[in-house]
Structures are given as C-alpha cells and as structure tokens.
file model06.cif (mmCIF, C-alpha atoms and all ligand atoms)
data_final
#
loop_
_atom_site.label_atom_id
_atom_site.label_comp_id
_atom_site.auth_asym_id
_atom_site.auth_seq_id
_atom_site.Cartn_x
_atom_site.Cartn_y
_atom_site.Cartn_z
CA MET J 1 0.00 0.00 0.00
CA LYS J 2 1.16 3.50 -0.75
CA ALA J 3 0.31 6.80 0.93
CA ALA J 4 1.00 10.45 0.13
CA ILE J 5 1.07 13.01 2.90
CA VAL J 6 0.93 16.49 1.42
CA TYR J 7 1.20 19.44 3.78
CA PHE J 8 1.50 23.17 3.88
CA SER J 9 3.34 24.49 6.92
CA GLY J 10 4.59 27.97 7.79
CA THR J 11 6.23 27.39 11.16
CA GLY J 12 6.58 23.60 11.25
CA ASN J 13 3.56 22.38 13.24
CA THR J 14 1.66 20.88 10.31
CA TYR J 15 4.87 19.33 9.03
CA LYS J 16 5.56 17.72 12.41
CA VAL J 17 2.09 16.17 12.50
CA ALA J 18 2.71 14.87 8.96
CA GLU J 19 5.83 13.15 10.28
CA VAL J 20 3.78 11.40 12.97
CA PHE J 21 1.33 10.14 10.31
CA LYS J 22 4.30 8.93 8.30
CA GLU J 23 5.82 7.00 11.22
CA ARG J 24 2.49 5.33 11.96
CA LEU J 25 1.99 4.31 8.33
CA LEU J 26 5.54 2.97 8.05
CA THR J 27 4.90 0.67 11.00
CA ALA J 28 1.87 -0.66 9.06
CA ASN J 29 4.18 -1.39 6.09
CA TYR J 30 2.94 1.43 3.88
CA LYS J 31 5.27 3.13 1.44
CA VAL J 32 4.99 6.81 2.27
CA ASP J 33 5.79 9.99 0.36
CA LEU J 34 5.87 13.07 2.57
CA VAL J 35 5.60 16.09 0.27
CA ASP J 36 5.60 19.84 0.78
CA ILE J 37 2.56 21.11 -1.10
CA SER J 38 4.64 23.30 -3.41
CA GLN J 39 6.77 20.28 -4.45
CA TRP J 40 3.87 18.02 -5.50
CA SER J 41 4.42 16.55 -8.94
CA SER J 42 2.91 13.05 -8.67
CA LYS J 43 -0.49 11.67 -9.59
CA LEU J 44 -3.21 10.67 -7.18
CA ARG J 45 -3.61 7.37 -8.93
CA ASP J 46 -0.21 6.27 -7.59
CA TYR J 47 -1.55 6.20 -4.02
CA ASP J 48 -4.08 4.24 -1.96
CA LEU J 49 -4.31 6.84 0.78
CA PHE J 50 -3.95 10.60 0.48
CA ILE J 51 -3.50 12.76 3.59
CA ILE J 52 -3.63 16.52 3.29
CA GLY J 53 -2.71 18.96 6.08
CA SER J 54 -2.98 22.69 6.65
CA PRO J 55 -2.49 25.24 9.42
CA THR J 56 -5.61 27.01 10.68
CA TYR J 57 -5.92 30.71 9.93
CA SER J 58 -8.89 32.37 11.61
CA LYS J 59 -10.65 29.04 12.08
CA VAL J 60 -10.31 27.83 8.47
CA ALA J 61 -7.60 26.12 6.38
CA SER J 62 -5.07 28.05 4.32
CA ALA J 63 -6.02 29.34 0.87
CA LYS J 64 -2.84 27.62 -0.32
CA VAL J 65 -4.39 24.21 0.39
CA PHE J 66 -7.76 25.06 -1.16
CA ASN J 67 -5.93 26.27 -4.27
CA PHE J 68 -3.91 23.05 -4.36
CA ILE J 69 -7.10 20.97 -4.33
CA ASP J 70 -8.58 23.10 -7.11
CA GLU J 71 -5.46 23.05 -9.26
CA TYR J 72 -4.06 19.57 -8.81
CA ILE J 73 -6.57 17.07 -7.64
CA GLU J 74 -10.03 18.24 -8.52
CA TYR J 75 -9.82 17.08 -12.12
CA GLU J 76 -8.14 13.74 -11.59
CA ASP J 77 -10.23 10.84 -12.76
CA ASN J 78 -9.58 8.38 -9.95
CA LYS J 79 -11.98 9.41 -7.18
CA SER J 80 -11.96 6.12 -5.29
CA LYS J 81 -9.00 7.01 -3.06
CA ASP J 82 -9.22 7.26 0.70
CA PHE J 83 -8.62 10.80 1.87
CA ILE J 84 -7.78 12.15 5.30
CA THR J 85 -7.84 15.89 5.97
CA TYR J 86 -6.21 17.49 9.00
CA THR J 87 -5.37 20.87 10.36
CA THR J 88 -3.20 22.10 13.21
CA HIS J 89 -4.33 24.91 15.47
CA SER J 90 -2.95 26.62 18.56
CA TRP J 91 -5.87 28.18 20.34
CA GLY J 92 -9.63 27.96 20.19
CA GLU J 93 -11.26 25.62 17.75
CA SER J 94 -10.47 24.72 14.18
CA TYR J 95 -13.02 24.07 11.49
CA GLY J 96 -10.36 23.91 8.79
CA HIS J 97 -10.20 20.12 8.57
CA MET J 98 -13.99 20.03 8.09
CA THR J 99 -14.01 22.71 5.40
CA LEU J 100 -11.26 20.83 3.56
CA LYS J 101 -13.34 17.68 3.84
CA LYS J 102 -16.36 19.49 2.42
CA HIS J 103 -14.28 20.93 -0.42
CA LEU J 104 -13.00 17.47 -1.38
CA ASN J 105 -16.45 15.87 -1.00
CA LYS J 106 -17.79 18.45 -3.47
CA SER J 107 -15.21 17.27 -5.99
CA GLY J 108 -16.38 13.69 -5.53
CA TYR J 109 -13.67 12.42 -3.16
CA ASN J 110 -14.31 10.18 -0.22
CA VAL J 111 -12.87 11.68 2.98
CA ILE J 112 -12.73 8.88 5.49
CA SER J 113 -11.32 10.84 8.40
CA ALA J 114 -10.86 14.51 9.40
CA GLN J 115 -9.16 15.84 12.53
CA SER J 116 -7.50 18.92 13.95
CA PHE J 117 -4.48 18.77 16.28
CA LEU J 118 -3.61 21.27 18.97
CA MET J 119 0.03 22.28 18.55
CA PRO J 120 2.23 24.88 20.29
CA ASN J 121 1.53 28.51 19.64
CA GLY J 122 4.37 29.78 17.48
CA PHE J 123 2.49 33.01 16.93
CA TYR J 124 2.85 34.31 20.49
CA MET J 125 4.56 37.46 19.26
CA MET J 126 1.20 38.45 17.76
CA ASN J 127 -1.53 36.54 19.54
CA HIS J 128 -2.15 34.63 22.80
CA GLU J 129 0.60 33.26 25.05
CA LYS J 130 3.69 31.17 24.59
CA ASN J 131 3.07 27.59 25.82
CA THR J 132 5.03 26.12 28.71
CA GLU J 133 7.31 23.13 28.11
CA ILE J 134 4.87 20.92 30.05
CA GLU J 135 1.98 22.02 27.83
CA ILE J 136 4.06 21.42 24.70
CA GLN J 137 5.06 17.89 25.73
CA SER J 138 1.44 17.11 26.57
CA MET J 139 0.35 18.36 23.10
CA TYR J 140 2.91 16.12 21.40
CA ARG J 141 1.72 13.12 23.38
CA ASP J 142 -1.90 13.89 22.45
CA VAL J 143 -1.02 14.18 18.75
CA ILE J 144 0.70 10.79 18.78
CA LYS J 145 -2.18 9.21 20.71
CA LYS J 146 -4.81 10.73 18.42
CA ILE J 147 -3.03 9.60 15.25
CA ASN J 148 -2.46 6.07 16.56
CA ASN J 149 -6.13 5.89 17.43
CA MET J 150 -7.28 7.38 14.14
CA MET J 151 -5.16 5.01 12.05
CA GLU J 152 -6.17 2.01 14.16
CA PHE J 153 -9.83 2.72 13.35
CA TYR J 154 -8.94 3.24 9.69
CA PHE J 155 -7.03 -0.06 9.43
CA ASN J 156 -9.99 -1.81 11.05
CA GLY J 157 -12.36 -0.37 8.45
CA LYS J 158 -14.12 2.02 10.86
CA PRO J 159 -12.68 5.47 10.16
CA GLN J 160 -13.57 8.34 12.47
CA ILE J 161 -14.71 11.83 11.53
CA ASP J 162 -14.45 14.65 14.05
CA LYS J 163 -17.99 15.56 15.10
CA LYS J 164 -18.59 19.27 14.70
CA SER J 165 -21.79 21.23 14.68
CA ILE J 166 -22.86 21.64 11.05
CA ILE J 167 -24.39 25.05 11.76
CA LYS J 168 -21.15 26.38 13.30
CA GLN J 169 -19.18 24.82 10.49
CA VAL J 170 -21.17 26.55 7.76
CA LEU J 171 -21.26 29.80 9.70
CA PHE J 172 -17.52 29.89 10.39
CA GLU J 173 -16.64 28.79 6.91
CA THR J 174 -18.70 31.54 5.27
CA MET J 175 -17.76 34.22 7.78
CA TYR J 176 -14.04 33.54 8.15
CA LYS J 177 -13.33 32.75 4.53
CA ALA J 178 -14.75 36.16 3.63
CA LEU J 179 -12.92 37.87 6.52
CA ASN J 180 -9.63 36.17 5.66
CA LYS J 181 -9.86 37.28 2.05
CA GLY J 182 -10.00 40.84 3.37
CA TRP J 183 -7.00 40.85 5.73
CA ILE J 184 -4.69 37.87 5.15
CA PRO J 185 -3.24 39.00 1.76
CA ASN J 186 -2.06 42.21 3.44
CA PHE J 187 -0.92 40.61 6.69
CA ALA J 188 2.80 41.31 6.08
CA ASN J 189 2.18 44.88 4.91
CA LYS J 190 0.09 45.60 7.96
CA TYR J 191 1.96 43.85 10.78
CA LEU J 192 5.54 43.18 9.71
CA LYS J 193 8.60 45.36 9.29
CA VAL J 194 12.24 44.55 8.75
CA ASP J 195 14.90 46.26 10.83
CA GLY J 196 17.25 47.69 8.18
CA ASP J 197 20.19 47.70 10.64
CA LYS J 198 19.91 43.94 11.20
CA CYS J 199 18.86 42.77 7.73
CA THR J 200 21.80 41.73 5.50
CA LEU J 201 19.60 41.28 2.40
CA CYS J 202 20.53 37.59 2.39
CA THR J 203 17.24 36.95 0.49
CA LEU J 204 16.37 33.80 2.48
CA CYS J 205 12.88 35.16 3.23
CA VAL J 206 12.45 36.13 -0.44
CA LYS J 207 13.36 32.60 -1.56
CA LYS J 208 11.37 30.74 1.09
CA CYS J 209 8.12 32.73 0.96
CA PRO J 210 5.59 30.12 -0.25
CA ASN J 211 3.58 32.71 -2.16
CA HIS J 212 6.44 34.81 -3.59
CA ASN J 213 5.18 37.80 -1.66
CA ILE J 214 8.55 39.26 -0.65
CA LYS J 215 10.84 41.35 -2.82
CA ILE J 216 13.86 43.61 -2.48
CA ARG J 217 13.53 47.14 -3.74
CA ASP J 218 16.04 49.96 -3.18
CA ASN J 219 17.98 47.69 -0.80
CA LYS J 220 14.92 47.13 1.36
CA ILE J 221 12.62 44.17 1.97
CA ILE J 222 9.14 44.95 0.70
CA PHE J 223 5.90 42.95 0.74
CA ASN J 224 3.29 42.47 -1.93
CA ASP J 225 -0.41 42.00 -1.34
CA HIS J 226 -0.66 38.22 -1.63
CA CYS J 227 0.61 37.16 1.79
CA LEU J 228 -0.63 33.85 3.26
CA ALA J 229 0.06 34.97 6.87
CA CYS J 230 2.03 31.76 7.38
CA ALA J 231 4.67 33.54 9.52
CA LYS J 232 7.53 31.67 7.88
CA CYS J 233 9.58 34.77 6.95
CA LEU J 234 9.74 36.23 10.46
CA ASN J 235 10.75 32.90 11.97
CA ILE J 236 13.45 31.85 9.51
CA CYS J 237 15.36 35.14 9.25
CA PRO J 238 18.97 34.26 10.22
CA LYS J 239 19.43 37.71 11.78
CA ASN J 240 16.04 37.82 13.48
CA ALA J 241 15.58 41.16 11.72
CA TYR J 242 11.80 41.04 11.47
CA LEU J 243 9.60 43.10 13.76
CA ALA J 244 6.04 41.97 14.46
CA LYS J 245 3.75 44.86 15.38
CA ASN J 246 6.97 46.92 15.68
CA LYS J 247 8.49 44.60 18.31
CA SER J 248 11.32 42.08 18.14
CA PHE J 249 10.58 38.57 19.42
CA GLU J 250 11.95 35.09 20.03
CA GLN J 251 11.62 33.08 16.79
CA TYR J 252 9.57 29.89 16.52
CA ASN J 253 10.40 27.14 14.09
CA LEU J 254 9.62 23.53 14.82
CA VAL J 255 11.26 22.00 11.77
CA ASN J 256 14.26 20.53 13.63
CA THR J 257 12.36 19.49 16.76
CA LYS J 258 11.68 15.84 17.51
CA ILE J 259 8.15 15.16 18.65
CA ILE J 260 8.38 11.38 18.45
CA LYS J 261 10.85 10.05 20.98
C1 LIG B 301 -2.56 34.51 10.84
C2 LIG B 301 -2.80 33.35 11.76
C3 LIG B 301 -4.09 33.06 12.18
C4 LIG B 301 -4.31 31.97 13.05
N1 LIG B 301 -5.60 31.68 13.45
C5 LIG B 301 -5.80 30.65 14.31
C6 LIG B 301 -7.13 30.34 14.78
O1 LIG B 301 -8.12 30.92 14.38
N2 LIG B 301 -7.28 29.34 15.67
C7 LIG B 301 -6.19 28.65 16.16
O2 LIG B 301 -6.39 27.77 17.01
N3 LIG B 301 -4.94 28.89 15.71
C8 LIG B 301 -4.72 29.88 14.81
N4 LIG B 301 -3.45 30.14 14.36
C9 LIG B 301 -2.35 29.29 14.82
C10 LIG B 301 -1.93 28.28 13.75
O3 LIG B 301 -3.04 27.69 13.13
C11 LIG B 301 -1.12 27.15 14.37
O4 LIG B 301 -0.04 27.63 15.13
C12 LIG B 301 -0.66 26.17 13.33
O5 LIG B 301 -0.27 24.99 13.98
C13 LIG B 301 0.52 26.69 12.51
O6 LIG B 301 0.88 25.69 11.61
P1 LIG B 301 2.29 25.67 10.88
O7 LIG B 301 3.34 25.73 11.97
O8 LIG B 301 2.31 24.38 10.17
O9 LIG B 301 2.36 26.85 10.00
C14 LIG B 301 -3.21 31.19 13.50
C15 LIG B 301 -1.91 31.50 13.06
C16 LIG B 301 -1.69 32.56 12.20
C17 LIG B 301 -0.29 32.84 11.74
#
call {"tool": "encode", "arguments": {"input": "model06.cif", "output": "structure tokens", "more": "lines below"}}
Ligand SMILES: Cc1cc2nc3c(=O)[nH]c(=O)nc-3n(C[C@H](O)[C@H](O)[C@H](O)COP(=O)(O)O)c2cc1C
result
Amino acid sequence: MKAAIVYFSGTGNTYKVAEVFKERLLTANYKVDLVDISQWSSKLRDYDLFIIGSPTYSKVASAKVFNFIDEYIEYEDNKSKDFITYTTHSWGESYGHMTLKKHLNKSGYNVISAQSFLMPNGFYMMNHEKNTEIEIQSMYRDVIKKINNMMEFYFNGKPQIDKKSIIKQVLFETMYKALNKGWIPNFANKYLKVDGDKCTLCTLCVKKCPNHNIKIRDNKIIFNDHCLACAKCLNICPKNAYLAKNKSFEQYNLVNTKIIK
C-alpha cells in the first residue's frame, strides 16, 4: 500500500504532525511519500491513501491548500481514493479540517477521516501566550495518541470523523473565509517590518516565501499584497531582523524538533 502526505506548513507544526502520520503508516508497512505542497508533482492514482494537512488561519484552512485541491486534484479521474484531511491549530477551535473535507467531498472524493491537532503557539509574538514546556510535551503526546487511534480505526475499516456542529461549520466557513480574504493577503504589509540595521539582504525570506510575496527594492525588503500569513519569513530570518507589530521577538520554528521520541 502507498500513501502520500501532502502538507503546507509555515512554522513547522503541520509538518511535524505529517511526520507522525508517516511514522504510523511505516509501521503498518505502507510506502509513504511526505511532500511539501509546493513540491507536489505526482499523480493521485499512484496512491491508496492521500493525507492533506494545513495550518488554521482564523478558524479555516489556508487558501494555499484550497488552491492546491482546485489546481491539482479536482480534475483527476480516480476518485476512489481514501482521503484524510487534518489541520493544526494553537488556540480555540479549528473548522479547517472540516471545510477541507467538504471541499473534497464536493469534488467527488471520499474523505474517510478529518481531525484537527492542537500544537504549540508559534504566533505568540502576535496573539495569545507562549506555551510552557509541560503544555508542549502534553500536546505532542496527544497528537501521537490521536493519530495512533485514528489510524487504528482506519485499518480496522471504521474510520472516524471529528464531530462538529454543522451550523457552526457553515457559519464559520462563510464568515471567516470572507474575513480572511480581506486581511490575510495584506498581513505582512500591515503587521511586519524589517529592521534595516539587522537585515543583511541575504534573500532567504524572499526565496522561502511560499507565495512569492517578498521582494527587495532599493535595498529594502518589501511585501506584496498576496501574503498567506504563514509567519515563515519572520521565523526563519537568520538575523532575526523582522519586527512583528513593531516589536522584536523570540523566533519559533519547529522543523528541527523531535516530537516522536
Ligand atoms: C494569521 C494566523 C491566524 C491563526 N488563526 C488561528 C485560529 O483561528 N485558531 C487557532 O487555534 N490557531 C490559529 N493560528 C495558529 C496556527 O493555526 C497554528 O499555530 C498552526 O499549527 C501553525 O501551523 P504551521 O506551523 O504548520 O504553520 C493562526 C496563526 C496565524 C499565523
């Protein structure tokens, strides 16, 4: 059996959850391709199981993932695959995994499981608090437990879908998708600045921005108006030159952290 896990991740949380899915599938003798959404070049028909993950932005999944579904998988002929959608979130509730499920269902795909995972808040420089080490370890344990459980049900032919109120789901989806369209594309312009004394114009943020929203003009970093609000740029800057709401901060990037011991 072969599985693809395709994820979009700004600060590493969604990627780390993808790694846990991968480990679980490997122990069940699956062949697994773990693919960053912007690197996808395969065909759905090559896989038996397709897992797709996104961060939650204002309660819904990233536009990047919706666009991916529209561009790459909506028109594929083989609709008999098993799909799992998931999101990661850091406070409150997420409806993103359910809206992704709905989006795929509309295109004729069978989503057999949908879940959201609470992960550490890497956005504490802008919103809510930084988590304590104890909270973080407990989140990692919960993710591993939840995925083991989810896959166990799937292997036994009884997949689980997160139960969410349909009314809230429709309400949030409509409301937040519209709201997000208004503010997310200008997130960087509105909230981020780069300290010219610290920035060396190394262009790492320019190269790594998943939506090509960052440019250099007149020896300065400037932002366009198609930001995803993924917070990758501010957290990967080697000089920590970004300011969020005019303040410097401790960077968050989970990519090199081990969550499976
Ligand atoms: C602009 C923005 C909006 C967010 N909105 C929410 C939200 O509504 N609810 C929530 O629980 N987390 C929210 N988060 C937190 C992220 O969903 C969470 O940290 C996620 O795990 C990040 O995934 P990543 O590290 O893969 O990018 C938001 C983060 C950002 C940057």
call {"tool": "residues_near_ligand", "arguments": {"input": "model06.cif", "ligand": "ligand LIG 301 (chain B)", "cutoff": "8 Å", "atoms": "all atoms listed in the file", "output": "PyMOL selection string"}}
result
chain J and resi 8-16+54-60+87-94+117-123+184+187+228-232+253-254
call {"tool": "residues_near_point", "arguments": {"input": "model06.cif", "point": "(-0.8, 12.4, 3.4)", "cutoff": "7 Å", "atoms": "all atoms listed in the file", "output": "list in words"}}
result
Ala3, Ala4, Ile5, Val6, Leu34, Phe50, Ile51 and Ile52 of chain J
call {"tool": "residues_around", "arguments": {"input": "model06.cif", "residues": "Ala188 of chain J", "least_positions_apart": "5", "cutoff": "8 Å", "atoms": "only C-alpha atoms", "output": "ChimeraX atom specification"}}
result
/J:193,223,227,229
call {"tool": "write_last_selection", "arguments": {"input": "model06.cif", "atoms": "C-alpha atoms", "output": "JSON list (two decimals), in the frame of the given file"}}
result
[["chain", "number", "residue", "atom", "x", "y", "z"],
["J", 193, "LYS", "CA", 8.60, 45.36, 9.29],
["J", 223, "PHE", "CA", 5.90, 42.95, 0.74],
["J", 227, "CYS", "CA", 0.61, 37.16, 1.79],
["J", 229, "ALA", "CA", 0.06, 34.97, 6.87]]
call {"tool": "atom_distance", "arguments": {"input": "model06.cif", "atom1": "atom CA of Ile73 of chain J", "atom2": "atom CA of Trp40 of chain J"}}
result
10.7 Å
call {"tool": "atom_distance", "arguments": {"input": "model06.cif", "atom1": "atom CA of Lys245 of chain J", "atom2": "atom CA of Tyr191 of chain J"}}
result
5.0 Å
call {"tool": "closest_residue", "arguments": {"input": "model06.cif", "among": "J:Asn67, J:Asn189, J:Gln137, J:Ser113", "to": "Pro159 of chain J", "atoms": "all atoms listed in the file"}}
result
J:Ser113
call {"tool": "closest_residue", "arguments": {"input": "model06.cif", "among": "J:Ile69, J:Ala63, J:Met150, J:Val32", "to": "Lys181 of chain J", "atoms": "all atoms listed in the file"}}
result
J:Ala63
